[in-house]
file my_file-v7.cif (mmCIF, C-alpha atoms)
data_run
#
loop_
_atom_site.group_PDB
_atom_site.id
_atom_site.type_symbol
_atom_site.label_atom_id
_atom_site.label_comp_id
_atom_site.auth_asym_id
_atom_site.auth_seq_id
_atom_site.Cartn_x
_atom_site.Cartn_y
_atom_site.Cartn_z
ATOM 1 C CA ARG A 1 45.819 103.425 113.664
ATOM 2 C CA THR A 2 48.755 105.366 112.282
ATOM 3 C CA SER A 3 52.329 104.327 112.943
ATOM 4 C CA ALA A 4 54.368 105.948 115.683
ATOM 5 C CA LEU A 5 56.668 107.358 113.028
ATOM 6 C CA SER A 6 53.906 109.209 111.188
ATOM 7 C CA SER A 7 51.606 110.391 113.974
ATOM 8 C CA PRO A 8 51.939 114.019 115.073
ATOM 9 C CA GLN A 9 50.999 112.957 118.617
ATOM 10 C CA THR A 10 53.836 110.428 118.931
ATOM 11 C CA THR A 11 55.425 110.537 122.354
ATOM 12 C CA ARG A 12 59.182 110.353 122.754
ATOM 13 C CA ARG A 13 58.840 106.955 124.399
ATOM 14 C CA GLU A 14 56.755 105.590 121.507
ATOM 15 C CA PHE A 15 59.178 107.001 118.968
ATOM 16 C CA ALA A 16 62.210 105.598 120.823
ATOM 17 C CA GLY A 17 60.535 102.203 121.033
ATOM 18 C CA THR A 18 59.664 102.266 117.350
ATOM 19 C CA ALA A 19 63.153 103.434 116.385
ATOM 20 C CA ALA A 20 64.680 100.612 118.436
ATOM 21 C CA GLY A 21 62.331 98.093 116.829
ATOM 22 C CA LEU A 22 63.101 99.395 113.366
ATOM 23 C CA ALA A 23 66.850 99.259 114.044
ATOM 24 C CA ALA A 24 66.499 95.674 115.294
ATOM 25 C CA CYS A 25 64.574 94.688 112.151
ATOM 26 C CA LEU A 26 67.307 96.195 110.015
ATOM 27 C CA GLY A 27 69.997 94.332 111.946
ATOM 28 C CA GLN A 28 71.474 97.490 113.424
ATOM 29 C CA GLN A 29 72.538 97.865 117.012
ATOM 30 C CA ARG A 30 71.110 100.796 118.915
ATOM 31 C CA PRO A 31 73.616 102.209 121.391
ATOM 32 C CA ALA A 32 72.606 102.692 125.010
ATOM 33 C CA HIS A 33 71.388 106.187 125.890
ATOM 34 C CA GLY A 34 74.369 108.538 125.798
ATOM 35 C CA ALA A 35 76.712 105.903 124.314
ATOM 36 C CA ALA A 36 78.644 106.487 121.113
ATOM 37 C CA PRO A 37 77.098 104.896 118.024
ATOM 38 C CA VAL A 38 78.472 101.539 116.951
ATOM 39 C CA VAL A 39 80.779 102.065 113.958
ATOM 40 C CA GLU A 40 81.890 99.107 111.900
ATOM 41 C CA ASP A 41 85.554 98.846 110.934
ATOM 42 C CA PRO A 42 85.757 99.860 107.266
ATOM 43 C CA TYR A 43 88.898 97.722 106.810
ATOM 44 C CA PRO A 44 88.289 94.415 108.602
ATOM 45 C CA GLY A 45 91.396 92.249 108.822
ATOM 46 C CA PHE A 46 93.769 95.179 108.279
ATOM 47 C CA ASN A 47 96.469 95.917 110.857
ATOM 48 C CA LYS A 48 96.490 99.450 112.278
ATOM 49 C CA THR A 49 99.433 101.510 113.519
ATOM 50 C CA ASP A 50 99.312 104.301 116.097
ATOM 51 C CA ASP A 51 99.430 106.847 113.240
ATOM 52 C CA GLY A 52 96.315 105.367 111.626
ATOM 53 C CA LEU A 53 98.079 103.522 108.803
ATOM 54 C CA ARG A 54 96.124 100.405 107.821
ATOM 55 C CA PHE A 55 97.724 97.477 106.005
ATOM 56 C CA LEU A 56 96.916 93.942 104.932
ATOM 57 C CA ASP A 57 99.374 91.483 103.424
ATOM 58 C CA VAL A 58 97.831 89.961 100.318
ATOM 59 C CA VAL A 59 100.926 87.920 99.448
ATOM 60 C CA GLU A 60 103.537 87.009 102.072
ATOM 61 C CA GLY A 61 107.108 87.684 101.054
ATOM 62 C CA LYS A 62 110.288 85.714 101.767
ATOM 63 C CA GLU A 63 111.324 85.055 105.371
ATOM 64 C CA ASP A 64 113.795 87.529 106.905
ATOM 65 C CA SER A 65 113.816 89.792 103.853
ATOM 66 C CA GLY A 66 112.246 92.973 105.210
ATOM 67 C CA ALA A 67 113.825 96.405 104.883
ATOM 68 C CA LEU A 68 115.578 98.413 107.575
ATOM 69 C CA PRO A 69 115.791 102.229 107.714
ATOM 70 C CA GLY A 70 118.412 103.545 105.311
ATOM 71 C CA GLN A 71 118.315 100.566 102.973
ATOM 72 C CA THR A 72 117.426 101.012 99.314
ATOM 73 C CA VAL A 73 114.129 99.436 98.304
ATOM 74 C CA SER A 74 112.424 98.944 94.959
ATOM 75 C CA VAL A 75 108.632 98.925 95.119
ATOM 76 C CA HIS A 76 105.999 98.376 92.461
ATOM 77 C CA TYR A 77 102.741 100.105 93.356
ATOM 78 C CA THR A 78 99.389 101.451 92.259
ATOM 79 C CA GLY A 79 97.677 104.331 94.065
ATOM 80 C CA TRP A 80 93.975 105.232 94.211
ATOM 81 C CA LEU A 81 91.948 107.989 95.842
ATOM 82 C CA ASN A 82 88.571 106.283 96.373
ATOM 83 C CA GLY A 83 89.455 102.728 97.283
ATOM 84 C CA PHE A 84 91.382 99.781 95.974
ATOM 85 C CA ASP A 85 90.987 98.858 92.304
ATOM 86 C CA ASP A 86 88.830 101.935 91.548
ATOM 87 C CA PHE A 87 89.789 102.512 87.913
ATOM 88 C CA GLU A 88 88.413 106.050 87.897
ATOM 89 C CA SER A 89 90.452 107.201 90.932
ATOM 90 C CA LYS A 90 93.842 105.683 90.059
ATOM 91 C CA PHE A 91 96.376 108.497 90.247
ATOM 92 C CA ASP A 92 99.698 106.711 89.746
ATOM 93 C CA SER A 93 101.238 103.321 89.064
ATOM 94 C CA SER A 94 104.810 102.162 88.632
ATOM 95 C CA TYR A 95 103.447 99.311 86.506
ATOM 96 C CA ASP A 96 102.324 101.863 83.895
ATOM 97 C CA ARG A 97 105.936 103.078 83.620
ATOM 98 C CA GLY A 98 107.331 99.553 83.594
ATOM 99 C CA ARG A 99 109.760 100.077 86.484
ATOM 100 C CA PRO A 100 109.467 100.110 90.276
ATOM 101 C CA LEU A 101 110.127 103.154 92.436
ATOM 102 C CA THR A 102 113.561 102.937 94.111
ATOM 103 C CA PHE A 103 114.437 104.974 97.214
ATOM 104 C CA GLN A 104 116.048 104.859 100.661
ATOM 105 C CA VAL A 105 113.340 103.800 103.072
ATOM 106 C CA GLY A 106 112.878 105.494 106.437
ATOM 107 C CA THR A 107 114.765 108.631 105.435
ATOM 108 C CA GLY A 108 111.888 110.931 104.446
ATOM 109 C CA LYS A 109 112.358 110.484 100.683
ATOM 110 C CA VAL A 110 108.662 109.557 100.367
ATOM 111 C CA ILE A 111 105.535 110.326 102.389
ATOM 112 C CA ARG A 112 105.657 109.018 105.951
ATOM 113 C CA GLY A 113 102.866 106.512 105.291
ATOM 114 C CA TRP A 114 105.017 104.800 102.671
ATOM 115 C CA ASP A 115 108.006 104.506 104.997
ATOM 116 C CA GLU A 116 105.783 103.083 107.741
ATOM 117 C CA ALA A 117 104.054 100.632 105.382
ATOM 118 C CA ILE A 118 107.351 99.192 104.175
ATOM 119 C CA LEU A 119 109.108 99.176 107.552
ATOM 120 C CA ALA A 120 106.144 97.398 109.183
ATOM 121 C CA GLY A 121 107.494 94.028 108.058
ATOM 122 C CA LEU A 122 106.820 93.970 104.320
ATOM 123 C CA LYS A 123 109.114 91.308 102.857
ATOM 124 C CA VAL A 124 110.654 90.923 99.398
ATOM 125 C CA GLY A 125 108.081 89.390 97.062
ATOM 126 C CA GLY A 126 105.263 90.426 99.382
ATOM 127 C CA THR A 127 102.246 92.440 98.280
ATOM 128 C CA ARG A 128 100.435 94.681 100.744
ATOM 129 C CA LYS A 129 97.270 96.784 100.571
ATOM 130 C CA VAL A 130 97.762 100.052 102.452
ATOM 131 C CA VAL A 131 95.388 102.815 103.555
ATOM 132 C CA ILE A 132 97.267 106.024 104.357
ATOM 133 C CA PRO A 133 95.392 108.746 106.242
ATOM 134 C CA SER A 134 96.036 112.339 105.247
ATOM 135 C CA ALA A 135 98.142 113.079 108.347
ATOM 136 C CA ILE A 136 100.870 110.704 107.131
ATOM 137 C CA GLY A 137 100.179 111.287 103.438
ATOM 138 C CA TYR A 138 100.159 114.667 101.708
ATOM 139 C CA GLY A 139 98.043 116.403 104.359
ATOM 140 C CA PRO A 140 96.332 119.735 103.690
ATOM 141 C CA ARG A 141 98.662 120.660 100.816
ATOM 142 C CA GLY A 142 97.659 117.784 98.511
ATOM 143 C CA ALA A 143 100.031 116.933 95.651
ATOM 144 C CA GLY A 144 100.518 116.652 91.925
ATOM 145 C CA GLY A 145 99.083 120.035 91.024
ATOM 146 C CA GLY A 146 95.626 119.078 92.280
ATOM 147 C CA ILE A 147 95.658 115.404 91.295
ATOM 148 C CA ILE A 148 95.720 114.466 94.976
ATOM 149 C CA PRO A 149 93.360 116.833 96.783
ATOM 150 C CA PRO A 150 94.073 118.293 100.225
ATOM 151 C CA ASN A 151 93.429 115.935 103.155
ATOM 152 C CA ALA A 152 93.003 112.884 100.902
ATOM 153 C CA THR A 153 93.135 109.333 102.224
ATOM 154 C CA LEU A 154 95.343 107.307 99.902
ATOM 155 C CA PHE A 155 94.977 103.660 98.917
ATOM 156 C CA PHE A 156 97.995 101.733 97.646
ATOM 157 C CA GLU A 157 98.856 98.214 96.678
ATOM 158 C CA MET A 158 102.627 97.777 97.081
ATOM 159 C CA LYS A 159 104.928 94.946 96.084
ATOM 160 C CA LEU A 160 108.423 94.955 97.583
ATOM 161 C CA VAL A 161 110.660 93.921 94.686
ATOM 162 C CA SER A 162 114.103 94.186 96.318
ATOM 163 C CA VAL A 163 116.072 95.444 99.321
ATOM 164 C CA LYS A 164 119.725 96.488 99.077
ATOM 165 C CA PRO A 165 122.138 97.973 101.601
ATOM 166 C CA GLY A 166 122.091 101.776 101.891
ATOM 167 C CA PRO A 167 124.579 103.970 100.011
#
call {"tool": "encode", "arguments": {"input": "my_file-v7.cif", "output": "structure tokens"}}
result
Amino acid sequence: RTSALSSPQTTRREFAGTAAGLAACLGQQRPAHGAAPVVEDPYPGFNKTDDGLRFLDVVEGKEDSGALPGQTVSVHYTGWLNGFDDFESKFDSSYDRGRPLTFQVGTGKVIRGWDEAILAGLKVGGTRKVVIPSAIGYGPRGAGGGIIPPNATLFFEMKLVSVKPGP
């Protein structure tokens, strides 16, 4: 007898039963008829904001040392296009220049995803992995003369070095 997957006379019911059995063998859940497929979270353990920013503290910083809008922050970072620690897709790093990026946080001096990532409780000495969706990154324009393509999701590891009062 041929399998239900290979027989030209396979009925829909046989195929559905076989597909469900195959999915069960592979450890996959089959959604109920008409239900949306089950999608696993690609960033388990990461916090998520309403704008889609994802972040995970790798190293906790000092108590009560987070930044407020308008304060000047210094941040060491590395940015990738295809995931964390992907050597081939690294597009920038303050470590390569030997000095952190310094700017007024929450004032639009950097992409919105950066402001949100820092203002979401990152503390001095803390290191955070951040996934920035295109909508709060560079969007459809991209950046860097084509280095960051349009609609790119950005991956950063940020370390908050210092926070100082605004100007």
call {"tool": "closest_residue", "arguments": {"input": "my_file-v7.cif", "among": "A:Leu53, A:Ala120, A:Val39, A:Tyr77", "to": "Ser134 (chain A)", "atoms": "only C-alpha atoms"}}
result
A:Leu53
call {"tool": "closest_residue", "arguments": {"input": "my_file-v7.cif", "among": "A:Lys159, A:Arg112, A:Lys62, A:Lys48", "to": "Tyr95 (chain A)", "atoms": "all atoms listed in the file"}}
result
A:Lys159
call {"tool": "atom_distance", "arguments": {"input": "my_file-v7.cif", "atom1": "CA of Thr107 (chain A)", "atom2": "CA of Ala135 (chain A)"}}
result
17.5 Å
call {"tool": "atom_distance", "arguments": {"input": "my_file-v7.cif", "atom1": "CA of Gly113 (chain A)", "atom2": "CA of Val38 (chain A)"}}
result
27.5 Å
call {"tool": "resolve_selection", "arguments": {"input": "my_file-v7.cif", "expression": "the PyMOL selection byres ((chain A and resi 93) around 8)", "output": "tab-separated table (two decimals) with C-alpha atoms, in the frame of the given file"}}
result
chain	number	residue	atom	x	y	z
A	76	HIS	CA	106.00	98.38	92.46
A	77	TYR	CA	102.74	100.10	93.36
A	78	THR	CA	99.39	101.45	92.26
A	79	GLY	CA	97.68	104.33	94.06
A	90	LYS	CA	93.84	105.68	90.06
A	91	PHE	CA	96.38	108.50	90.25
A	92	ASP	CA	99.70	106.71	89.75
A	94	SER	CA	104.81	102.16	88.63
A	95	TYR	CA	103.45	99.31	86.51
A	96	ASP	CA	102.32	101.86	83.90
A	97	ARG	CA	105.94	103.08	83.62
call {"tool": "closest_residue", "arguments": {"input": "my_file-v7.cif", "among": "A:Asp51, A:Val73, A:Gly66, A:Asn82", "to": "Gln104 (chain A)", "atoms": "all atoms listed in the file"}}
result
A:Val73
call {"tool": "resolve_selection", "arguments": {"input": "my_file-v7.cif", "expression": "the PyMOL selection byres ((chain A and resi 126) around 12)", "output": "PyMOL selection string"}}
result
chain A and resi 56-67+74-77+117-118+121-125+127-129+157-163
call {"tool": "residues_around", "arguments": {"input": "my_file-v7.cif", "residues": "Pro69 (chain A)", "least_positions_apart": "6", "cutoff": "9 Å", "atoms": "only C-alpha atoms", "output": "VMD selection string"}}
result
chain A and resid 104 to 107 115 119 166
call {"tool": "residues_around", "arguments": {"input": "my_file-v7.cif", "residues": "Pro165 (chain A)", "least_positions_apart": "3", "cutoff": "9 Å", "atoms": "all atoms listed in the file", "output": "number ranges by chain"}}
result
A: 68, 70-73
call {"tool": "atom_distance", "arguments": {"input": "my_file-v7.cif", "atom1": "CA of Gly146 (chain A)", "atom2": "CA of Arg54 (chain A)"}}
result
24.3 Å
call {"tool": "closest_residue", "arguments": {"input": "my_file-v7.cif", "among": "A:Asp86, A:Arg99, A:Trp80, A:Tyr138", "to": "Phe155 (chain A)", "atoms": "all atoms listed in the file"}}
result
A:Trp80
call {"tool": "resolve_selection", "arguments": {"input": "my_file-v7.cif", "expression": "the PyMOL selection byres ((chain A and resi 140) around 6)", "output": "list in words"}}
result
Gly139, Arg141, Gly142, Pro150 and Asn151 of chain A
call {"tool": "residues_near_point", "arguments": {"input": "my_file-v7.cif", "point": "(93.9, 101.0, 101.8)", "cutoff": "7 Å", "atoms": "only C-alpha atoms", "output": "PyMOL selection string"}}
result
chain A and resi 54-55+83-84+129-132+154-156
